[in-house]
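What follows is a short report on a single structure.
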Amino acid sequence: MNAHRHSYTIDASLPGPRSNAWTAFFTLMKHKVALAGLVILLGLLFMAVFAPVLAPSDPNEQDLYHVLEGPSLKHLLGTDDVGRDLLSRVIFGSRATLLMGALSTFFSAVIGVLIGLVAGYKGGIVDMVVMRITDTFMCVPALVLMLVIVSALGPGMQSIVLSITILSWTWFARIVRGQVMLVRELPYVEAANALGASGFRIMFKHLLPNVMAPIIVTATIALGGNIMLESAVSFLGLGVQQPTSSWGNELRIGYSYLEVVPLFSLAPGLMITLAVLAFNFIGDGLRDALDPRLRSSLGIRGNGYGRAGGTNAVVK
Amino acid sequence: MRQYILKRALYSVLILFFVSLLIFGLGRVLPGDPIQNALMTSRMGPVNAEVIQDMKAQFGLDKPLHVQYFVWIMNFIQGEWGTSIATGERVLPMFLHRLPITLELFAGSVLWSCIIGFPLGIISALRRNSWLDTSLTTGAIIGVSIPVFWEGIVMIYLFAVILHIFPPSGYVPFSESVKGNLLSVAMPTFIMGTQGAGLLSRYIRSSLLEVLGQDYIRTAYAKGLRVKAVILRHAMKPAMIPVVTVFGLAWGYVVAGSFIVEYMFAIPGLGRMGVNAVFSNDFPVIQATLIMVAVNILVVNLIVDLLYGYLDPRVRVQR
Amino acid sequence: MLLQVRNLSTYFLADNGVVKAVDDISYDLEEGETLSIVGESGCGKTVSALSLLRLIPDPPGKIVNGKIIFEGRDLLTLSEDEICDIRGNRMAMIFQEPMTSLNPVLTIGHQVMEPLMLHKGMNRKEALKECIELLKGMQIPDARTMVGAYPHQFSGGMRQRVMVSMGLSCNPRLIIADEPTTALDVTIQAELLDLMKKLTRDHFTALIIITHNLGIVARYADKVIVMYAGRIVEKALTRELYRSPLHPYTIGLMESVPRLDQDIKQKLRPIEGQPPDLAYLPSGCSFHPRCRRAMERCRRESPTLREVSDNHEAACWIYE
């Protein structure tokens, strides 16, 4: 509801993204949690790219004589309700899930950043309208609205990507707008203004590079959130259609057989969790690396009164 | 202070107006218009254009959009929420009937969030940069990002299928059996509260650390107060003020979680009603759900704002 | 003797090495005496004061050596509980920043009453009565209603008065005032200091004033310690120091501020250069790179404090 609560702001003095890209990279590498996230993410991407090589069998090949079986040598994770190899379906499922997450984040980032740039730079009525719209979206849970939209458009990859985009551009718009309002007061932007640079030029040449850091952080966290949304919608039965496999779909069907073949739902669920965790871990590390103000407020620096209780005895 | 309350309240009403516009718009855009719906409920045979025209007039659909909106919103405010297409019930009684169940879940989730979030956040801050802090902070990120449905499946599998401690699904009313009721809501509320707990502990940690670095904490030590007294009497209160605002955020998670959790655990609350309404294209129920969720979130945020103002003497006591 | 500080060293462990914020300082203080510690910012004067109450944030700080004998006991060997009984009770501290040193969410009354209830065993009612008296003593108008007010309702000067009444509340034997007036308007500075001086004189309380303002030193202190880069470079009675400053640093300090008894034509001479980074101190005497009278020896060896005349010590090779 309030801008200052749901978004975070960073100092206008934040160095540009290019100047400290390397420092940020090294800080990230030292951030153990982020590193773990990065490793998980690379593993998942590897899985998605090389799915045909990695999968032991065709994910759509049914074997009705062997349905709902537990793990065996032939089917390492067992089989599903129509006798398809679960491991292969989980491996191929990464493709649909990651693709939908990436596409929806990309589209919402592009739209949100553009709107945020204009709102933050122009201010006035444009800004007011944008802020009211984002506030409106904030108090309707994304999941419910998304269910409504997807069920109206009909299930499928396009409608999922479209509905996530409709719902999550506001996050980008909010953050970019807040940052732009800080940056546009900087002397060099005012100088560019005074020299008669066009609004277009100022926005893309001067403002955008300065707000890249928070955009990257937001995009990373949004990726995790969007995968979660997509999976939740699939879990409720409005995801991509069979026979395409996605983790959320597998989870939904598997859930009804939880007591018979627990891996049927536990395995795809674990994959979703890993993907969401990976992005949140990386996002956390990126925020620490790119945003010095937040880092200090999380207390990595500080004066130590909290721990020692402020007493010193002489150490000899 | 009074002006501040008034401003926040007015803004909430404005946003609510926008939400109602959004939902009204959705109703016009979505397939399955009210006429069709009404015809479906009345189970009449094929109808001709004249009947449809008649019905349009009857529903006020031949009037301009803004008049339609005005009629619709006035009806809604007066409690005329329409009739469910799927069940033929009046929506308002349907809603009121399920409300206590969902409210119980909300209360339970917030309780879980606080029971877990507060101590962990405080311990994390006091043992800053120790292995305990690192694991708790990592745990908090996991708590915030773990998908509700996955956590639900794992918990059902562990505690219901294997250990048989909690029932795998269903809801026992409080009036029927206190123990049965608590057992049936224990897992769902824990799952709904997990994200809030993670969020709370992270914010409490950083807020407490910030306060512990302030000059007035040094003053408190210089007075001769023991560590415990400094933390409890001088650090906790200022550290908790900004944490109040996180409740607004955590509440969003709780509300969103209720839709999935009630569906998974077959709990007959508002969340399940909403999800089922989506499946059956039951627009009167969908619109009531959306509006009431927005009202709920706006009211909670308003309370958070007021609480914030009340707790912080710099806002409460004007100079 | 109220306080004897012997070879006190406080170090900070930073990423780039050890910072010797306070390095081997010793001094004495009698009951009721006023001592002033002077120096540029970052010379270790605040750290030396915080060390007395063992308020050094740890980590990264650590008192690595020395003795602080206060009322016959070495504070550095006391247990946590024992030092807490001294803080705010026998020895109190007043901090530099009145704007941030009071807790914003607790009332003034609560904060002033706290030491009274803690150390003097008073109940709420007694403490409240005493608190109002203290605030009145610090000339805070309308003290009776002000006990219910929050710090943000006070101006900087008023807040510092509250800080002072908090420090004085348990009638301590020693008060350490760390730049008590730096953050205040010049007109309020003298008023507050005069009041403080009067109250400490009435109760025969010893006072350590930490400042960079030589005017304050001249007006309020009985004796002075001049610190540079964590060490004491000169120690003297106030009058003695003003009459004949010995250390080139002290001389430089005096020449860099305007004085009323000075010839108008005489120019102010700032000390050249910057105070050194405590993590990378110069070899020999830390002051030699900025010293006008530096000799070859200053580059190699660090001078120790020695008595040059009666009650007047300096650490400089010129007086060898």
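Identifiers for the structure tokens are assigned positionally: chains receive A, B, ... in sequence, residues are indexed from 1 per chain, and ligands are indexed from 1 in the order shown.
Proximity to Gly109 of chain C at 7 Å, evaluated using only C-alpha atoms and with sequence-adjacent residues fewer than 5 positions away removed, yields C:Cys131, C:Val147, C:Gly148.
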Could you write those residues out with N, CA and C atoms, as a short mmCIF file (atom, residue, chain, number, x, y, z; two decimals), in the first residue's frame?
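As a result, again.cif now contains:
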```cif
data_model
loop_
_atom_site.label_atom_id
_atom_site.label_comp_id
_atom_site.auth_asym_id
_atom_site.auth_seq_id
_atom_site.Cartn_x
_atom_site.Cartn_y
_atom_site.Cartn_z
N CYS C 131 13.97 12.80 40.30
CA CYS C 131 14.15 13.13 38.89
C CYS C 131 13.71 14.56 38.60
N VAL C 147 8.75 15.43 32.54
CA VAL C 147 9.17 14.04 32.77
C VAL C 147 8.38 13.09 31.89
N GLY C 148 7.17 13.50 31.47
CA GLY C 148 6.37 12.63 30.62
C GLY C 148 6.63 12.82 29.14
#
```
Select from chain C every residue with an atom at most 10 Å from any atom of chain B, then for each give the shortest pair of atoms and their distance in Å to one decimal, using only C-alpha atoms, rows by chain and rising number, as a Markdown table.
```
| residue | atom | partner | partner_atom | distance |
| --- | --- | --- | --- | --- |
| C:Leu50 | CA | B:Ala222 | CA | 9.1 |
| C:Leu53 | CA | B:Ala222 | CA | 7.3 |
| C:Arg54 | CA | B:Ala222 | CA | 9.1 |
| C:Leu55 | CA | B:Ala222 | CA | 7.3 |
| C:Ile56 | CA | B:Arg218 | CA | 9.5 |
| C:Pro57 | CA | B:Arg218 | CA | 9.2 |
| C:Glu80 | CA | B:Arg226 | CA | 8.4 |
| C:Asp81 | CA | B:Arg226 | CA | 7.6 |
| C:Glu82 | CA | B:Gly224 | CA | 9.5 |
| C:Ile83 | CA | B:Gly224 | CA | 7.6 |
| C:Cys84 | CA | B:Gly224 | CA | 4.3 |
| C:Asp85 | CA | B:Gly224 | CA | 6.0 |
| C:Ile86 | CA | B:Gly224 | CA | 6.8 |
| C:Arg87 | CA | B:Gly224 | CA | 4.4 |
| C:Gly88 | CA | B:Lys223 | CA | 4.0 |
| C:Asn89 | CA | B:Gly224 | CA | 7.3 |
| C:Arg90 | CA | B:Gly224 | CA | 9.9 |
| C:Met91 | CA | B:Ala222 | CA | 8.9 |
| C:Ala92 | CA | B:Ala222 | CA | 6.8 |
| C:Met93 | CA | B:Ala222 | CA | 6.4 |
| C:Ile94 | CA | B:Thr219 | CA | 8.1 |
| C:Phe95 | CA | B:Thr219 | CA | 7.6 |
| C:Gln96 | CA | B:Asp215 | CA | 9.6 |
| C:Glu97 | CA | B:Asp215 | CA | 7.9 |
| C:Pro98 | CA | B:Asp215 | CA | 9.3 |
| C:Met99 | CA | B:Asp215 | CA | 9.2 |
| C:Thr100 | CA | B:Asp215 | CA | 5.7 |
| C:Ser101 | CA | B:Tyr216 | CA | 4.1 |
| C:Leu102 | CA | B:Tyr216 | CA | 5.0 |
| C:Asn103 | CA | B:Tyr216 | CA | 5.3 |
| C:Pro104 | CA | B:Pro313 | CA | 7.5 |
| C:Val105 | CA | B:Pro313 | CA | 6.0 |
| C:Leu106 | CA | B:His234 | CA | 8.0 |
| C:Thr107 | CA | B:Pro313 | CA | 9.2 |
| C:Gln111 | CA | B:Ala220 | CA | 8.7 |
| C:Val112 | CA | B:Lys223 | CA | 9.6 |
| C:Glu114 | CA | B:Lys223 | CA | 8.0 |
| C:Pro115 | CA | B:Lys223 | CA | 6.0 |
| C:Leu116 | CA | B:Lys223 | CA | 9.7 |
| C:Leu118 | CA | B:Leu225 | CA | 7.7 |
| C:His119 | CA | B:Gly224 | CA | 8.3 |
| C:Ala149 | CA | B:Val317 | CA | 8.7 |
| C:Tyr150 | CA | B:Pro313 | CA | 7.0 |
| C:Pro151 | CA | B:Arg314 | CA | 8.8 |
| C:His152 | CA | B:Arg314 | CA | 6.5 |
| C:Gln153 | CA | B:Arg319 | CA | 5.4 |
| C:Phe154 | CA | B:Arg319 | CA | 8.7 |
| C:Met163 | CA | B:Thr219 | CA | 9.1 |
| C:Met166 | CA | B:Lys223 | CA | 8.3 |
| C:Gly167 | CA | B:Lys223 | CA | 7.8 |
| C:Cys170 | CA | B:Lys223 | CA | 9.8 |
```
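Between atom CA of Thr182 of chain C and atom CA of Asn213 of chain C the separation is 8.7 Å.
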inquiry  = Report as a ChimeraX atom specification all protein, DNA and RNA residues lying within 8 Å of segment 304-316 of chain C, evaluated on only C-alpha atoms, omitting residues in the same chain fewer than 2 positions from it.
reply    = /C:232-237,240-241,246-247,302,318-320
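Comparing B:Gly257, B:Pro268, B:Gly152, B:Gly121 by their smallest distance to Gly170 of chain B, the closest is B:Pro268 (using only C-alpha atoms).
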request  = Please provide the set of residues having any atom within 9 Å of Thr170 of chain A, restricted to only C-alpha atoms, with same-chain residues fewer than 3 positions apart removed, written as a list in words.
outcome  =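 Counting only C-alpha atoms, the residues come to Ser108, Ile111, Gly112, Ile115, Gly116, Val130, Met131, Ile133, Thr134, Asp135, Phe137, Met138, Ile166, Leu167, Ala173, Arg174 and Ile175 of chain A.
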request  = For Gly61 of chain C, please output as number ranges by chain all residues within 10 Å (counting only C-alpha atoms; exclusion window: fewer than 4 positions along the same chain).
outcome  = A: 303-304, 312; C: 10-14, 18-21, 47, 51, 55-57
Mind dumping the selected residues with N, CA and C atoms as a PDB file, in the first residue's frame?
```pdb
ATOM      1  N   ASN A 303      28.913  -1.702  15.507  1.00  0.00           N
ATOM      2  CA  ASN A 303      29.917  -1.426  16.529  1.00  0.00           C
ATOM      3  C   ASN A 303      30.057  -2.504  17.592  1.00  0.00           C
ATOM      4  N   GLY A 304      29.294  -3.556  17.494  1.00  0.00           N
ATOM      5  CA  GLY A 304      29.556  -4.675  18.382  1.00  0.00           C
ATOM      6  C   GLY A 304      28.949  -4.568  19.765  1.00  0.00           C
ATOM      7  N   ASN A 312      34.515  -4.697  28.826  1.00  0.00           N
ATOM      8  CA  ASN A 312      35.827  -5.179  28.453  1.00  0.00           C
ATOM      9  C   ASN A 312      36.618  -5.466  29.708  1.00  0.00           C
TER      10      ASN A 312
ATOM     11  N   THR C  10      44.352   0.644  24.372  1.00  0.00           N
ATOM     12  CA  THR C  10      43.153   0.076  23.761  1.00  0.00           C
ATOM     13  C   THR C  10      43.374  -0.012  22.260  1.00  0.00           C
ATOM     14  N   TYR C  11      43.262  -1.213  21.720  1.00  0.00           N
ATOM     15  CA  TYR C  11      43.499  -1.416  20.287  1.00  0.00           C
ATOM     16  C   TYR C  11      42.220  -1.851  19.601  1.00  0.00           C
ATOM     17  N   PHE C  12      42.140  -1.519  18.332  1.00  0.00           N
ATOM     18  CA  PHE C  12      41.035  -2.017  17.511  1.00  0.00           C
ATOM     19  C   PHE C  12      41.602  -2.926  16.434  1.00  0.00           C
ATOM     20  N   LEU C  13      40.969  -4.070  16.254  1.00  0.00           N
ATOM     21  CA  LEU C  13      41.448  -4.986  15.232  1.00  0.00           C
ATOM     22  C   LEU C  13      40.644  -4.728  13.971  1.00  0.00           C
ATOM     23  N   ALA C  14      41.289  -4.062  13.005  1.00  0.00           N
ATOM     24  CA  ALA C  14      40.600  -3.735  11.759  1.00  0.00           C
ATOM     25  C   ALA C  14      41.095  -4.681  10.672  1.00  0.00           C
ATOM     26  N   VAL C  18      46.190  -3.573  13.084  1.00  0.00           N
ATOM     27  CA  VAL C  18      45.801  -3.167  14.418  1.00  0.00           C
ATOM     28  C   VAL C  18      45.831  -1.645  14.515  1.00  0.00           C
ATOM     29  N   VAL C  19      44.732  -1.072  15.011  1.00  0.00           N
ATOM     30  CA  VAL C  19      44.705   0.367  15.218  1.00  0.00           C
ATOM     31  C   VAL C  19      44.929   0.639  16.696  1.00  0.00           C
ATOM     32  N   LYS C  20      46.033   1.309  16.985  1.00  0.00           N
ATOM     33  CA  LYS C  20      46.329   1.606  18.383  1.00  0.00           C
ATOM     34  C   LYS C  20      45.654   2.920  18.755  1.00  0.00           C
ATOM     35  N   ALA C  21      44.380   2.842  19.104  1.00  0.00           N
ATOM     36  CA  ALA C  21      43.610   4.056  19.363  1.00  0.00           C
ATOM     37  C   ALA C  21      44.095   4.746  20.628  1.00  0.00           C
ATOM     38  N   VAL C  47      38.086   7.291  22.895  1.00  0.00           N
ATOM     39  CA  VAL C  47      38.335   5.879  23.222  1.00  0.00           C
ATOM     40  C   VAL C  47      38.937   5.753  24.611  1.00  0.00           C
ATOM     41  N   SER C  51      37.172   3.659  27.545  1.00  0.00           N
ATOM     42  CA  SER C  51      37.905   2.566  28.185  1.00  0.00           C
ATOM     43  C   SER C  51      37.744   2.589  29.700  1.00  0.00           C
ATOM     44  N   LEU C  55      33.525   0.528  28.034  1.00  0.00           N
ATOM     45  CA  LEU C  55      32.435   0.608  27.061  1.00  0.00           C
ATOM     46  C   LEU C  55      32.942   0.485  25.634  1.00  0.00           C
ATOM     47  N   ILE C  56      34.115  -0.084  25.476  1.00  0.00           N
ATOM     48  CA  ILE C  56      34.664  -0.244  24.132  1.00  0.00           C
ATOM     49  C   ILE C  56      33.923  -1.378  23.432  1.00  0.00           C
ATOM     50  N   PRO C  57      33.360  -1.117  22.258  1.00  0.00           N
ATOM     51  CA  PRO C  57      32.672  -2.201  21.541  1.00  0.00           C
ATOM     52  C   PRO C  57      33.644  -3.341  21.206  1.00  0.00           C
TER      53      PRO C  57
END
```
With a cut-off of 8 Å, could you pull out the residues of chain B touching chain A and give me the nearest pair of atoms for each, distance in Å to one decimal, using only C-alpha atoms, ordered by chain and ascending number, as JSON lines?
```
{"residue": "B:Ile15", "atom": "CA", "partner": "A:Thr136", "partner_atom": "CA", "distance": 5.7}
{"residue": "B:Leu16", "atom": "CA", "partner": "A:Thr136", "partner_atom": "CA", "distance": 7.5}
{"residue": "B:Phe18", "atom": "CA", "partner": "A:Thr136", "partner_atom": "CA", "distance": 6.2}
{"residue": "B:Val19", "atom": "CA", "partner": "A:Thr136", "partner_atom": "CA", "distance": 5.7}
{"residue": "B:Leu30", "atom": "CA", "partner": "A:Ala152", "partner_atom": "CA", "distance": 5.9}
{"residue": "B:Pro31", "atom": "CA", "partner": "A:Ala152", "partner_atom": "CA", "distance": 6.5}
{"residue": "B:Ala125", "atom": "CA", "partner": "A:Gly306", "partner_atom": "CA", "distance": 7.8}
{"residue": "B:Leu126", "atom": "CA", "partner": "A:Arg307", "partner_atom": "CA", "distance": 5.8}
{"residue": "B:Arg127", "atom": "CA", "partner": "A:Arg307", "partner_atom": "CA", "distance": 6.6}
{"residue": "B:Arg128", "atom": "CA", "partner": "A:Arg307", "partner_atom": "CA", "distance": 7.4}
{"residue": "B:Asn129", "atom": "CA", "partner": "A:Ile300", "partner_atom": "CA", "distance": 7.8}
{"residue": "B:Thr138", "atom": "CA", "partner": "A:Val33", "partner_atom": "CA", "distance": 7.3}
{"residue": "B:Ile141", "atom": "CA", "partner": "A:Asn280", "partner_atom": "CA", "distance": 7.3}
{"residue": "B:Ile142", "atom": "CA", "partner": "A:Leu277", "partner_atom": "CA", "distance": 6.5}
{"residue": "B:Ser145", "atom": "CA", "partner": "A:Leu277", "partner_atom": "CA", "distance": 5.9}
{"residue": "B:Ile146", "atom": "CA", "partner": "A:Thr273", "partner_atom": "CA", "distance": 5.8}
{"residue": "B:Pro147", "atom": "CA", "partner": "A:Thr273", "partner_atom": "CA", "distance": 6.2}
{"residue": "B:Phe149", "atom": "CA", "partner": "A:Ala232", "partner_atom": "CA", "distance": 7.2}
{"residue": "B:Trp150", "atom": "CA", "partner": "A:Gly269", "partner_atom": "CA", "distance": 5.3}
{"residue": "B:Ile153", "atom": "CA", "partner": "A:Leu266", "partner_atom": "CA", "distance": 7.2}
{"residue": "B:Val154", "atom": "CA", "partner": "A:Leu266", "partner_atom": "CA", "distance": 7.0}
{"residue": "B:Tyr157", "atom": "CA", "partner": "A:Leu258", "partner_atom": "CA", "distance": 7.1}
{"residue": "B:Val161", "atom": "CA", "partner": "A:Glu259", "partner_atom": "CA", "distance": 6.5}
{"residue": "B:Arg205", "atom": "CA", "partner": "A:Leu298", "partner_atom": "CA", "distance": 7.7}
{"residue": "B:Ser206", "atom": "CA", "partner": "A:Leu298", "partner_atom": "CA", "distance": 4.7}
{"residue": "B:Ser207", "atom": "CA", "partner": "A:Ser297", "partner_atom": "CA", "distance": 7.7}
{"residue": "B:Leu209", "atom": "CA", "partner": "A:Gly299", "partner_atom": "CA", "distance": 5.7}
{"residue": "B:Glu210", "atom": "CA", "partner": "A:Ser297", "partner_atom": "CA", "distance": 6.1}
{"residue": "B:Leu212", "atom": "CA", "partner": "A:Gly306", "partner_atom": "CA", "distance": 5.3}
{"residue": "B:Gly213", "atom": "CA", "partner": "A:Asn303", "partner_atom": "CA", "distance": 5.8}
{"residue": "B:Ile217", "atom": "CA", "partner": "A:Tyr305", "partner_atom": "CA", "distance": 7.8}
{"residue": "B:Arg218", "atom": "CA", "partner": "A:Tyr305", "partner_atom": "CA", "distance": 7.4}
{"residue": "B:Tyr221", "atom": "CA", "partner": "A:Gly310", "partner_atom": "CA", "distance": 6.9}
{"residue": "B:Arg226", "atom": "CA", "partner": "A:Gly309", "partner_atom": "CA", "distance": 7.8}
{"residue": "B:Val227", "atom": "CA", "partner": "A:Gly309", "partner_atom": "CA", "distance": 5.3}
{"residue": "B:Thr245", "atom": "CA", "partner": "A:Arg5", "partner_atom": "CA", "distance": 7.1}
{"residue": "B:Leu249", "atom": "CA", "partner": "A:His6", "partner_atom": "CA", "distance": 7.4}
{"residue": "B:Gly252", "atom": "CA", "partner": "A:Pro141", "partner_atom": "CA", "distance": 7.1}
{"residue": "B:Val255", "atom": "CA", "partner": "A:Pro141", "partner_atom": "CA", "distance": 7.6}
{"residue": "B:Ala256", "atom": "CA", "partner": "A:Pro141", "partner_atom": "CA", "distance": 5.8}
{"residue": "B:Phe259", "atom": "CA", "partner": "A:Val144", "partner_atom": "CA", "distance": 7.9}
{"residue": "B:Ile260", "atom": "CA", "partner": "A:Ala232", "partner_atom": "CA", "distance": 7.7}
{"residue": "B:Gly274", "atom": "CA", "partner": "A:Val144", "partner_atom": "CA", "distance": 7.9}
{"residue": "B:Val275", "atom": "CA", "partner": "A:Val144", "partner_atom": "CA", "distance": 7.7}
{"residue": "B:Val278", "atom": "CA", "partner": "A:Val148", "partner_atom": "CA", "distance": 6.0}
{"residue": "B:Phe279", "atom": "CA", "partner": "A:Ser151", "partner_atom": "CA", "distance": 7.3}
{"residue": "B:Asn281", "atom": "CA", "partner": "A:Ser151", "partner_atom": "CA", "distance": 7.9}
{"residue": "B:Leu290", "atom": "CA", "partner": "A:Val140", "partner_atom": "CA", "distance": 6.7}
{"residue": "B:Val293", "atom": "CA", "partner": "A:Val140", "partner_atom": "CA", "distance": 6.6}
{"residue": "B:Ala294", "atom": "CA", "partner": "A:Cys139", "partner_atom": "CA", "distance": 5.1}
{"residue": "B:Ile297", "atom": "CA", "partner": "A:Cys139", "partner_atom": "CA", "distance": 5.8}
{"residue": "B:Leu298", "atom": "CA", "partner": "A:Cys139", "partner_atom": "CA", "distance": 6.7}
{"residue": "B:Asn301", "atom": "CA", "partner": "A:Met1", "partner_atom": "CA", "distance": 7.2}
```
Can you write out the residues you just picked, keeping C-alpha atoms, as a tab-separated table (two decimals), in the first residue's frame?
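The resulting file, part_9.tsv, is reproduced below:
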```
chain	number	residue	atom	x	y	z
B	15	ILE	CA	-7.83	2.22	-3.66
B	16	LEU	CA	-10.90	0.17	-2.88
B	18	PHE	CA	-10.05	1.28	-8.05
B	19	VAL	CA	-10.27	-2.38	-7.06
B	30	LEU	CA	-14.61	-12.28	-18.99
B	31	PRO	CA	-16.58	-14.76	-21.07
B	125	ALA	CA	20.73	-10.60	15.96
B	126	LEU	CA	22.29	-11.27	19.35
B	127	ARG	CA	24.55	-14.00	17.97
B	128	ARG	CA	25.42	-12.00	14.89
B	129	ASN	CA	27.80	-13.61	12.39
B	138	THR	CA	19.48	-19.11	5.64
B	141	ILE	CA	15.23	-17.25	3.29
B	142	ILE	CA	14.12	-20.85	2.84
B	145	SER	CA	10.68	-18.88	-0.52
B	146	ILE	CA	9.38	-22.39	0.09
B	147	PRO	CA	6.25	-22.91	-2.06
B	149	PHE	CA	1.95	-26.46	-1.82
B	150	TRP	CA	5.30	-28.25	-1.59
B	153	ILE	CA	2.75	-32.09	0.57
B	154	VAL	CA	5.89	-32.79	2.57
B	157	TYR	CA	3.38	-37.05	3.90
B	161	VAL	CA	0.81	-40.51	6.04
B	205	ARG	CA	17.20	-9.35	13.03
B	206	SER	CA	18.15	-6.38	10.89
B	207	SER	CA	16.06	-3.93	12.86
B	209	LEU	CA	21.00	-4.92	14.84
B	210	GLU	CA	20.42	-1.39	13.67
B	212	LEU	CA	21.95	-2.07	18.92
B	213	GLY	CA	24.36	0.14	16.99
B	217	ILE	CA	22.25	1.82	23.60
B	218	ARG	CA	25.71	2.98	24.64
B	221	TYR	CA	25.17	0.63	29.14
B	226	ARG	CA	22.89	-5.22	32.54
B	227	VAL	CA	22.89	-6.67	29.01
B	245	THR	CA	5.09	-2.72	9.01
B	249	LEU	CA	3.57	-7.83	4.00
B	252	GLY	CA	-0.42	-10.85	2.09
B	255	VAL	CA	-4.12	-14.53	2.64
B	256	ALA	CA	-2.63	-15.88	-0.59
B	259	PHE	CA	-6.38	-20.29	-1.08
B	260	ILE	CA	-3.94	-23.11	-1.72
B	274	GLY	CA	-12.88	-18.84	-4.15
B	275	VAL	CA	-10.86	-21.53	-5.92
B	278	VAL	CA	-12.89	-20.00	-10.42
B	279	PHE	CA	-13.16	-23.61	-11.59
B	281	ASN	CA	-16.81	-19.80	-13.59
B	290	LEU	CA	-11.84	-10.49	-4.76
B	293	VAL	CA	-9.82	-9.90	-0.01
B	294	ALA	CA	-8.97	-6.34	-1.05
B	297	ILE	CA	-5.77	-6.38	3.01
B	298	LEU	CA	-6.54	-2.66	3.06
B	301	ASN	CA	-2.61	-2.29	6.28
```
message = Please return, as a PyMOL selection string, all residues of segment 108-247 of chain A that DSSP assigns to alpha helix (DSSP H) on the basis of the backbone.
response = chain A and resi 108-122+124-138+142-153+157-183+187-194+199-201+208-210+212-235+247
task = Please identify all polymer residues within 8 Å of segment 50-53 of chain A, counting only C-alpha atoms, omitting same-chain residues fewer than 3 positions from it, and present them as a ChimeraX atom specification.
result = /A:46-47,56,91-92
Written file, previous selection with C-alpha atoms, as a compact mmCIF listing (two decimals), in the first residue's frame:
```
# COMPACT_ATOMS: atom_id res chain seq x y z
CA PHE A 46 21.89 -27.90 -17.56
CA MET A 47 18.99 -30.24 -16.96
CA PRO A 56 16.49 -42.25 -19.53
CA ILE A 91 13.77 -33.70 -16.29
CA PHE A 92 11.64 -32.53 -19.22
```
task = Find the spatial neighbours of Ser20 of chain B, counting only C-alpha atoms, within a cut-off of 9 Å - ignore same-chain residues fewer than 6 positions away - and output them as a ChimeraX atom specification.
result = /B:73,287,290-291
message = Let's see if you can do this: from backbone DSSP, list all strand (DSSP E) residues in segment 161-270 of chain C, as a PyMOL selection string.
response = chain C and resi 174-178+206-211+223-228+231-237
